[in-house]
Structure formats: C-alpha cells, structure tokens
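What follows is coords_27.cif (mmCIF, C-alpha atoms).
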data_entry
#
loop_
_atom_site.group_PDB
_atom_site.id
_atom_site.type_symbol
_atom_site.label_atom_id
_atom_site.label_comp_id
_atom_site.auth_asym_id
_atom_site.auth_seq_id
_atom_site.Cartn_x
_atom_site.Cartn_y
_atom_site.Cartn_z
ATOM 1 C CA MET A 1 18.380 -71.678 -46.672
ATOM 2 C CA SER A 2 14.920 -73.183 -46.954
ATOM 3 C CA LEU A 3 14.860 -76.950 -46.656
ATOM 4 C CA SER A 4 11.520 -77.437 -48.278
ATOM 5 C CA PRO A 5 9.219 -75.601 -50.615
ATOM 6 C CA THR A 6 6.346 -76.092 -48.139
ATOM 7 C CA GLN A 7 8.294 -75.656 -44.872
ATOM 8 C CA ASP A 8 6.258 -78.572 -43.428
ATOM 9 C CA ASN A 9 8.566 -81.394 -44.404
ATOM 10 C CA VAL A 10 11.283 -82.323 -46.834
ATOM 11 C CA ARG A 11 10.334 -84.357 -49.874
ATOM 12 C CA GLU A 12 12.641 -87.311 -50.499
ATOM 13 C CA LYS A 13 13.838 -86.280 -53.971
ATOM 14 C CA TYR A 14 14.377 -82.712 -52.825
ATOM 15 C CA PHE A 15 16.590 -83.925 -49.973
ATOM 16 C CA HIS A 16 18.495 -86.225 -52.346
ATOM 17 C CA ASP A 17 19.285 -83.182 -54.479
ATOM 18 C CA LEU A 18 20.304 -81.087 -51.454
ATOM 19 C CA LEU A 19 22.603 -83.770 -50.096
ATOM 20 C CA ALA A 20 24.194 -84.413 -53.480
ATOM 21 C CA THR A 21 24.890 -80.728 -54.201
ATOM 22 C CA HIS A 22 25.325 -78.768 -50.946
ATOM 23 C CA GLU A 23 28.601 -79.168 -49.077
ATOM 24 C CA ASN A 24 27.255 -77.800 -45.785
ATOM 25 C CA ILE A 25 24.480 -80.418 -45.719
ATOM 26 C CA LYS A 26 26.970 -83.189 -46.526
ATOM 27 C CA THR A 27 29.245 -81.955 -43.739
ATOM 28 C CA ASP A 28 26.373 -81.832 -41.225
ATOM 29 C CA LEU A 29 25.301 -85.373 -42.131
ATOM 30 C CA LEU A 30 28.860 -86.691 -41.889
ATOM 31 C CA SER A 31 29.252 -85.041 -38.503
ATOM 32 C CA ALA A 32 25.978 -86.598 -37.277
ATOM 33 C CA LEU A 33 27.254 -90.014 -38.400
ATOM 34 C CA ASP A 34 30.618 -89.368 -36.691
ATOM 35 C CA LEU A 35 32.423 -89.668 -40.038
ATOM 36 C CA PRO A 36 35.286 -87.531 -41.356
ATOM 37 C CA THR A 37 34.021 -84.207 -42.698
ATOM 38 C CA ASP A 38 36.873 -83.906 -45.222
ATOM 39 C CA LEU A 39 34.849 -83.814 -48.444
ATOM 40 C CA THR A 40 37.982 -84.223 -50.574
ATOM 41 C CA ARG A 41 38.246 -87.821 -49.335
ATOM 42 C CA LEU A 42 34.537 -88.589 -49.672
ATOM 43 C CA ASN A 43 33.132 -90.552 -52.589
ATOM 44 C CA LEU A 44 29.366 -90.019 -52.256
ATOM 45 C CA ILE A 45 27.595 -92.530 -54.486
ATOM 46 C CA HIS A 46 23.978 -91.589 -55.155
ATOM 47 C CA GLU A 47 21.442 -94.343 -55.931
ATOM 48 C CA ASP A 48 24.006 -97.100 -55.574
ATOM 49 C CA ARG A 49 22.918 -100.496 -56.903
ATOM 50 C CA TYR A 50 23.543 -103.604 -54.795
ATOM 51 C CA ILE A 51 22.606 -107.268 -55.290
ATOM 52 C CA ASN A 52 19.088 -108.276 -56.289
ATOM 53 C CA GLY A 53 18.410 -104.809 -57.719
ATOM 54 C CA ILE A 54 18.497 -103.124 -54.315
ATOM 55 C CA ILE A 55 19.293 -99.430 -54.673
ATOM 56 C CA ALA A 56 20.655 -97.549 -51.678
ATOM 57 C CA ASP A 57 20.028 -93.824 -51.690
ATOM 58 C CA PHE A 58 23.622 -93.003 -50.717
ATOM 59 C CA THR A 59 26.812 -94.952 -50.144
ATOM 60 C CA LEU A 60 29.617 -93.062 -48.394
ATOM 61 C CA VAL A 61 33.115 -94.242 -49.310
ATOM 62 C CA TYR A 62 36.427 -93.008 -47.904
ATOM 63 C CA ASP A 63 39.763 -94.406 -49.035
ATOM 64 C CA ASN A 64 38.022 -97.238 -50.958
ATOM 65 C CA LYS A 65 36.086 -98.399 -47.884
ATOM 66 C CA ILE A 66 32.332 -98.186 -47.414
ATOM 67 C CA HIS A 67 31.723 -96.299 -44.180
ATOM 68 C CA SER A 68 27.965 -95.870 -44.427
ATOM 69 C CA ILE A 69 24.897 -96.701 -46.475
ATOM 70 C CA ILE A 70 21.980 -94.307 -46.080
ATOM 71 C CA GLU A 71 18.302 -94.730 -46.877
ATOM 72 C CA VAL A 72 16.294 -91.502 -47.161
ATOM 73 C CA LYS A 73 12.535 -91.229 -46.695
ATOM 74 C CA ALA A 74 10.268 -88.210 -47.036
ATOM 75 C CA GLY A 75 9.539 -85.976 -44.053
ATOM 76 C CA ASP A 76 5.859 -86.919 -44.222
ATOM 77 C CA ILE A 77 6.636 -90.634 -44.021
ATOM 78 C CA GLY A 78 3.810 -93.072 -43.403
ATOM 79 C CA VAL A 79 3.952 -96.356 -41.520
ATOM 80 C CA THR A 80 4.449 -98.449 -44.674
ATOM 81 C CA ASP A 81 7.424 -96.397 -45.874
ATOM 82 C CA TYR A 82 8.872 -96.347 -42.360
ATOM 83 C CA VAL A 83 8.743 -100.150 -42.124
ATOM 84 C CA ARG A 84 10.147 -100.446 -45.659
ATOM 85 C CA GLY A 85 13.007 -98.124 -44.672
ATOM 86 C CA ILE A 86 13.833 -100.242 -41.620
ATOM 87 C CA GLY A 87 13.898 -103.329 -43.847
ATOM 88 C CA GLN A 88 16.251 -101.604 -46.275
ATOM 89 C CA VAL A 89 18.609 -100.573 -43.467
ATOM 90 C CA LEU A 90 18.635 -104.171 -42.181
ATOM 91 C CA GLN A 91 19.608 -105.304 -45.685
ATOM 92 C CA TYR A 92 22.530 -102.861 -45.623
ATOM 93 C CA GLU A 93 23.624 -104.361 -42.296
ATOM 94 C CA TYR A 94 23.476 -107.797 -43.940
ATOM 95 C CA PHE A 95 25.689 -106.509 -46.767
ATOM 96 C CA PHE A 96 28.225 -105.315 -44.183
ATOM 97 C CA GLU A 97 28.142 -108.514 -42.159
ATOM 98 C CA ASN A 98 28.667 -110.613 -45.304
ATOM 99 C CA GLN A 99 30.923 -108.133 -47.139
ATOM 100 C CA ILE A 100 28.551 -107.921 -50.122
ATOM 101 C CA ASN A 101 28.979 -105.084 -52.588
ATOM 102 C CA THR A 102 29.233 -104.712 -56.330
ATOM 103 C CA LYS A 103 31.944 -102.058 -56.622
ATOM 104 C CA GLY A 104 34.888 -103.943 -55.114
ATOM 105 C CA PHE A 105 35.081 -101.792 -51.967
ATOM 106 C CA ASP A 106 35.758 -103.232 -48.545
ATOM 107 C CA PHE A 107 33.544 -102.226 -45.646
ATOM 108 C CA ASP A 108 35.035 -100.168 -42.847
ATOM 109 C CA GLU A 109 35.011 -102.002 -39.519
ATOM 110 C CA ASN A 110 32.975 -99.127 -38.034
ATOM 111 C CA PHE A 111 30.344 -99.261 -40.796
ATOM 112 C CA LYS A 112 27.053 -97.481 -40.109
ATOM 113 C CA SER A 113 23.739 -97.813 -41.841
ATOM 114 C CA ALA A 114 21.170 -95.078 -41.390
ATOM 115 C CA LEU A 115 17.525 -94.348 -42.043
ATOM 116 C CA LEU A 116 17.307 -90.610 -42.636
ATOM 117 C CA ILE A 117 13.936 -88.910 -42.301
ATOM 118 C CA PRO A 118 14.480 -85.179 -42.735
ATOM 119 C CA SER A 119 11.853 -82.863 -41.336
ATOM 120 C CA LEU A 120 11.505 -79.502 -39.715
ATOM 121 C CA PHE A 121 10.534 -79.259 -36.077
#
Let's see the structure in the file written out as structure tokens.
Amino acid sequence: MSLSPTQDNVREKYFHDLLATHENIKTDLLSALDLPTDLTRLNLIHEDRYINGIIADFTLVYDNKIHSIIEVKAGDIGVTDYVRGIGQVLQYEYFFENQINTKGFDFDENFKSALLIPSLF
C-alpha cells in the first residue's frame, strides 16, 4: 500500500485518514507504543478536544482509561511545526500529570504521549 501520493512524505491529513480507517496501521502504531493491539478494546478518538480549545490528533482509550495521546505532523515538517508539536506533547504530559480531561476517563498509569512524524526512508 502506498503511504503517500508523492512517495516523498506523508501529509498530515492523509495520515490521519489512514490511521482512522486502516486496521493494520492502527495495529502497527499500537505495537510501536507497546499498547495492546486488540482493536476491539480500543476507542480511538480522532481530533479530541481538551481544555483551552486544545485538540489532540488522537486519544487512545482502553477500558475507559487514556493510554496515549498522539500529535501527528506532516512528513515534510519544518522547525516551527516541530517545536509546536513538542509543545503540544508537553501539554499532553501536563494533562496526565494533573489528570485533566473532558470525557471523564482516567489516565492509565503507563500513559504515553507521542509526536508522530510519518515519512518514508
């Protein structure tokens, strides 16, 4: 399967769509994050809104616990977007440390935040 129309990098929206709709990509990501790959237990929340209007690209919930919050950037990321992505991931860590969420889920004690920059090598 082609990951990108250009084969040079993966556009952010394109990867969002792939992750939301392709089970093999979800499974690979979960495996990379050392999370359960049982998709029947996974609640994958796309563009999840947190406090102050912050929108995470993906929140991964198992058994009503947030196990990971993921920020996705384009494969051709520039310095500004890279720094912005790091800031967003640090905000997700703050949410975990202070148990802040808007959906009533608890955070798993092994919570992971991730900055995902898909690209082809």
Exercise for review: Give me the result of the PyMOL selection byres ((chain A and resi 17) around 12) on this file, residue by residue, as a PyMOL selection string.
Suggested key: chain A and resi 3-4+10-16+18-23+25-26+46-47+57-58+72
Point to revise | Residue contacts of range 87-93 of chain A (12 Å, only C-alpha atoms) excluding same-chain residues fewer than 4 positions away, as JSON, numbers by chain | key: {"A": [48, 49, 50, 51, 52, 54, 55, 56, 57, 58, 59, 66, 67, 68, 69, 70, 71, 72, 73, 80, 81, 82, 83, 97, 98, 99, 100, 101, 107, 109, 110, 111, 112, 113, 114, 115, 116]}
Review point. CA of Lys65 in chain A and CA of Tyr94 in chain A are how many Å apart?
Key: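 CA of Tyr94 in chain A lies at a distance of 16.2 Å from CA of Lys65 in chain A.
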Review point. What gap, in Å, lies between CA of Ile117 in chain A and CA of Gly75 in chain A?
Key: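 Computing it gives 5.6 Å between the two atoms.
Relative to CA of Asp28 in chain A, CA of Phe96 in chain A is found at 23.7 Å.
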Would you compute, for all listed atoms of range 59-73 of chain A, the axis-aligned bounding box grown by 6 Å on each side, and then report its centre and edge lengths in Å rounded to one decimal, as JSON?
{"center_x": 26.1, "center_y": -94.8, "center_z": -47.6, "size_x": 39.2, "size_y": 19.2, "size_z": 18.8}
Exercise for review: In the coordinates of the file, take the point (36.3, -84.3, -46.4) and a cut-off of 10 Å; then, counting only C-alpha atoms, name each qualifying protein, DNA or RNA residue as a PyMOL selection string.
Suggested key: chain A and resi 23+26-27+30+35-43+62
Resulting file, chosen residues, C-alpha atoms, as a short mmCIF file (atom, residue, chain, number, x, y, z; two decimals), in the frame of the given file:
data_model
loop_
_atom_site.label_atom_id
_atom_site.label_comp_id
_atom_site.auth_asym_id
_atom_site.auth_seq_id
_atom_site.Cartn_x
_atom_site.Cartn_y
_atom_site.Cartn_z
CA GLU A 23 28.60 -79.17 -49.08
CA LYS A 26 26.97 -83.19 -46.53
CA THR A 27 29.24 -81.96 -43.74
CA LEU A 30 28.86 -86.69 -41.89
CA LEU A 35 32.42 -89.67 -40.04
CA PRO A 36 35.29 -87.53 -41.36
CA THR A 37 34.02 -84.21 -42.70
CA ASP A 38 36.87 -83.91 -45.22
CA LEU A 39 34.85 -83.81 -48.44
CA THR A 40 37.98 -84.22 -50.57
CA ARG A 41 38.25 -87.82 -49.34
CA LEU A 42 34.54 -88.59 -49.67
CA ASN A 43 33.13 -90.55 -52.59
CA TYR A 62 36.43 -93.01 -47.90
#
Revision key, fill the gap. Shortest contact to Asp106 in chain A, candidates A:Asp63, A:Gly78, A:Leu33, A:Arg84, atoms counted only C-alpha atoms, goes to A:Asp63
Start from the incomplete input, build N, CA, C and O atoms for range 42-65 of chain A, and deliver everything as a compact mmCIF listing (two decimals), in the frame of the given file.
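selection17.txt written:
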# COMPACT_ATOMS: atom_id res chain seq x y z
N LEU A 42 35.84 -87.93 -49.59
CA LEU A 42 34.54 -88.59 -49.67
C LEU A 42 34.16 -88.91 -51.12
O LEU A 42 34.21 -88.06 -51.99
N ASN A 43 33.76 -90.14 -51.33
CA ASN A 43 33.13 -90.55 -52.59
C ASN A 43 31.67 -90.83 -52.23
O ASN A 43 31.37 -91.86 -51.63
N LEU A 44 30.79 -89.91 -52.56
CA LEU A 44 29.37 -90.02 -52.26
C LEU A 44 28.67 -90.61 -53.48
O LEU A 44 28.57 -89.96 -54.51
N ILE A 45 28.23 -91.85 -53.36
CA ILE A 45 27.60 -92.53 -54.49
C ILE A 45 26.08 -92.45 -54.30
O ILE A 45 25.54 -92.96 -53.33
N HIS A 46 25.42 -91.79 -55.22
CA HIS A 46 23.98 -91.59 -55.16
C HIS A 46 23.29 -92.71 -55.92
O HIS A 46 23.71 -93.07 -57.01
N GLU A 47 22.22 -93.25 -55.33
CA GLU A 47 21.44 -94.34 -55.93
C GLU A 47 22.36 -95.48 -56.37
O GLU A 47 22.43 -95.86 -57.53
N ASP A 48 23.03 -96.03 -55.39
CA ASP A 48 24.01 -97.10 -55.57
C ASP A 48 23.31 -98.45 -55.64
O ASP A 48 22.54 -98.81 -54.74
N ARG A 49 23.58 -99.20 -56.69
CA ARG A 49 22.92 -100.50 -56.90
C ARG A 49 23.71 -101.62 -56.23
O ARG A 49 24.91 -101.75 -56.41
N TYR A 50 22.98 -102.43 -55.46
CA TYR A 50 23.54 -103.60 -54.80
C TYR A 50 22.90 -104.86 -55.39
O TYR A 50 22.19 -104.79 -56.39
N ILE A 51 23.13 -106.00 -54.76
CA ILE A 51 22.61 -107.27 -55.29
C ILE A 51 21.08 -107.26 -55.32
O ILE A 51 20.44 -106.51 -54.58
N ASN A 52 20.53 -108.10 -56.16
CA ASN A 52 19.09 -108.28 -56.29
C ASN A 52 18.35 -106.98 -56.64
O ASN A 52 17.19 -106.81 -56.30
N GLY A 53 19.05 -106.05 -57.29
CA GLY A 53 18.41 -104.81 -57.72
C GLY A 53 18.14 -103.81 -56.61
O GLY A 53 17.44 -102.83 -56.83
N ILE A 54 18.70 -104.04 -55.43
CA ILE A 54 18.50 -103.12 -54.32
C ILE A 54 19.30 -101.85 -54.57
O ILE A 54 20.49 -101.91 -54.89
N ILE A 55 18.63 -100.72 -54.45
CA ILE A 55 19.29 -99.43 -54.67
C ILE A 55 19.29 -98.64 -53.37
O ILE A 55 18.24 -98.28 -52.86
N ALA A 56 20.50 -98.39 -52.87
CA ALA A 56 20.66 -97.55 -51.68
C ALA A 56 20.65 -96.10 -52.12
O ALA A 56 21.20 -95.76 -53.16
N ASP A 57 20.07 -95.24 -51.32
CA ASP A 57 20.03 -93.82 -51.69
C ASP A 57 21.43 -93.23 -51.74
O ASP A 57 21.77 -92.51 -52.69
N PHE A 58 22.25 -93.51 -50.73
CA PHE A 58 23.62 -93.00 -50.72
C PHE A 58 24.56 -94.02 -50.10
O PHE A 58 24.24 -94.62 -49.07
N THR A 59 25.72 -94.19 -50.72
CA THR A 59 26.81 -94.95 -50.14
C THR A 59 27.96 -93.98 -49.93
O THR A 59 28.31 -93.22 -50.84
N LEU A 60 28.53 -93.97 -48.73
CA LEU A 60 29.62 -93.06 -48.39
C LEU A 60 30.91 -93.86 -48.31
O LEU A 60 31.03 -94.77 -47.49
N VAL A 61 31.86 -93.52 -49.20
CA VAL A 61 33.12 -94.24 -49.31
C VAL A 61 34.27 -93.29 -49.03
O VAL A 61 34.32 -92.19 -49.60
N TYR A 62 35.17 -93.72 -48.15
CA TYR A 62 36.43 -93.01 -47.90
C TYR A 62 37.55 -94.00 -48.13
O TYR A 62 37.49 -95.12 -47.63
N ASP A 63 38.57 -93.58 -48.86
CA ASP A 63 39.76 -94.41 -49.04
C ASP A 63 39.41 -95.84 -49.46
O ASP A 63 39.93 -96.81 -48.93
N ASN A 64 38.47 -95.95 -50.40
CA ASN A 64 38.02 -97.24 -50.96
C ASN A 64 37.39 -98.17 -49.93
O ASN A 64 37.40 -99.39 -50.11
N LYS A 65 36.83 -97.61 -48.87
CA LYS A 65 36.09 -98.40 -47.88
C LYS A 65 34.71 -97.79 -47.69
O LYS A 65 34.57 -96.57 -47.54
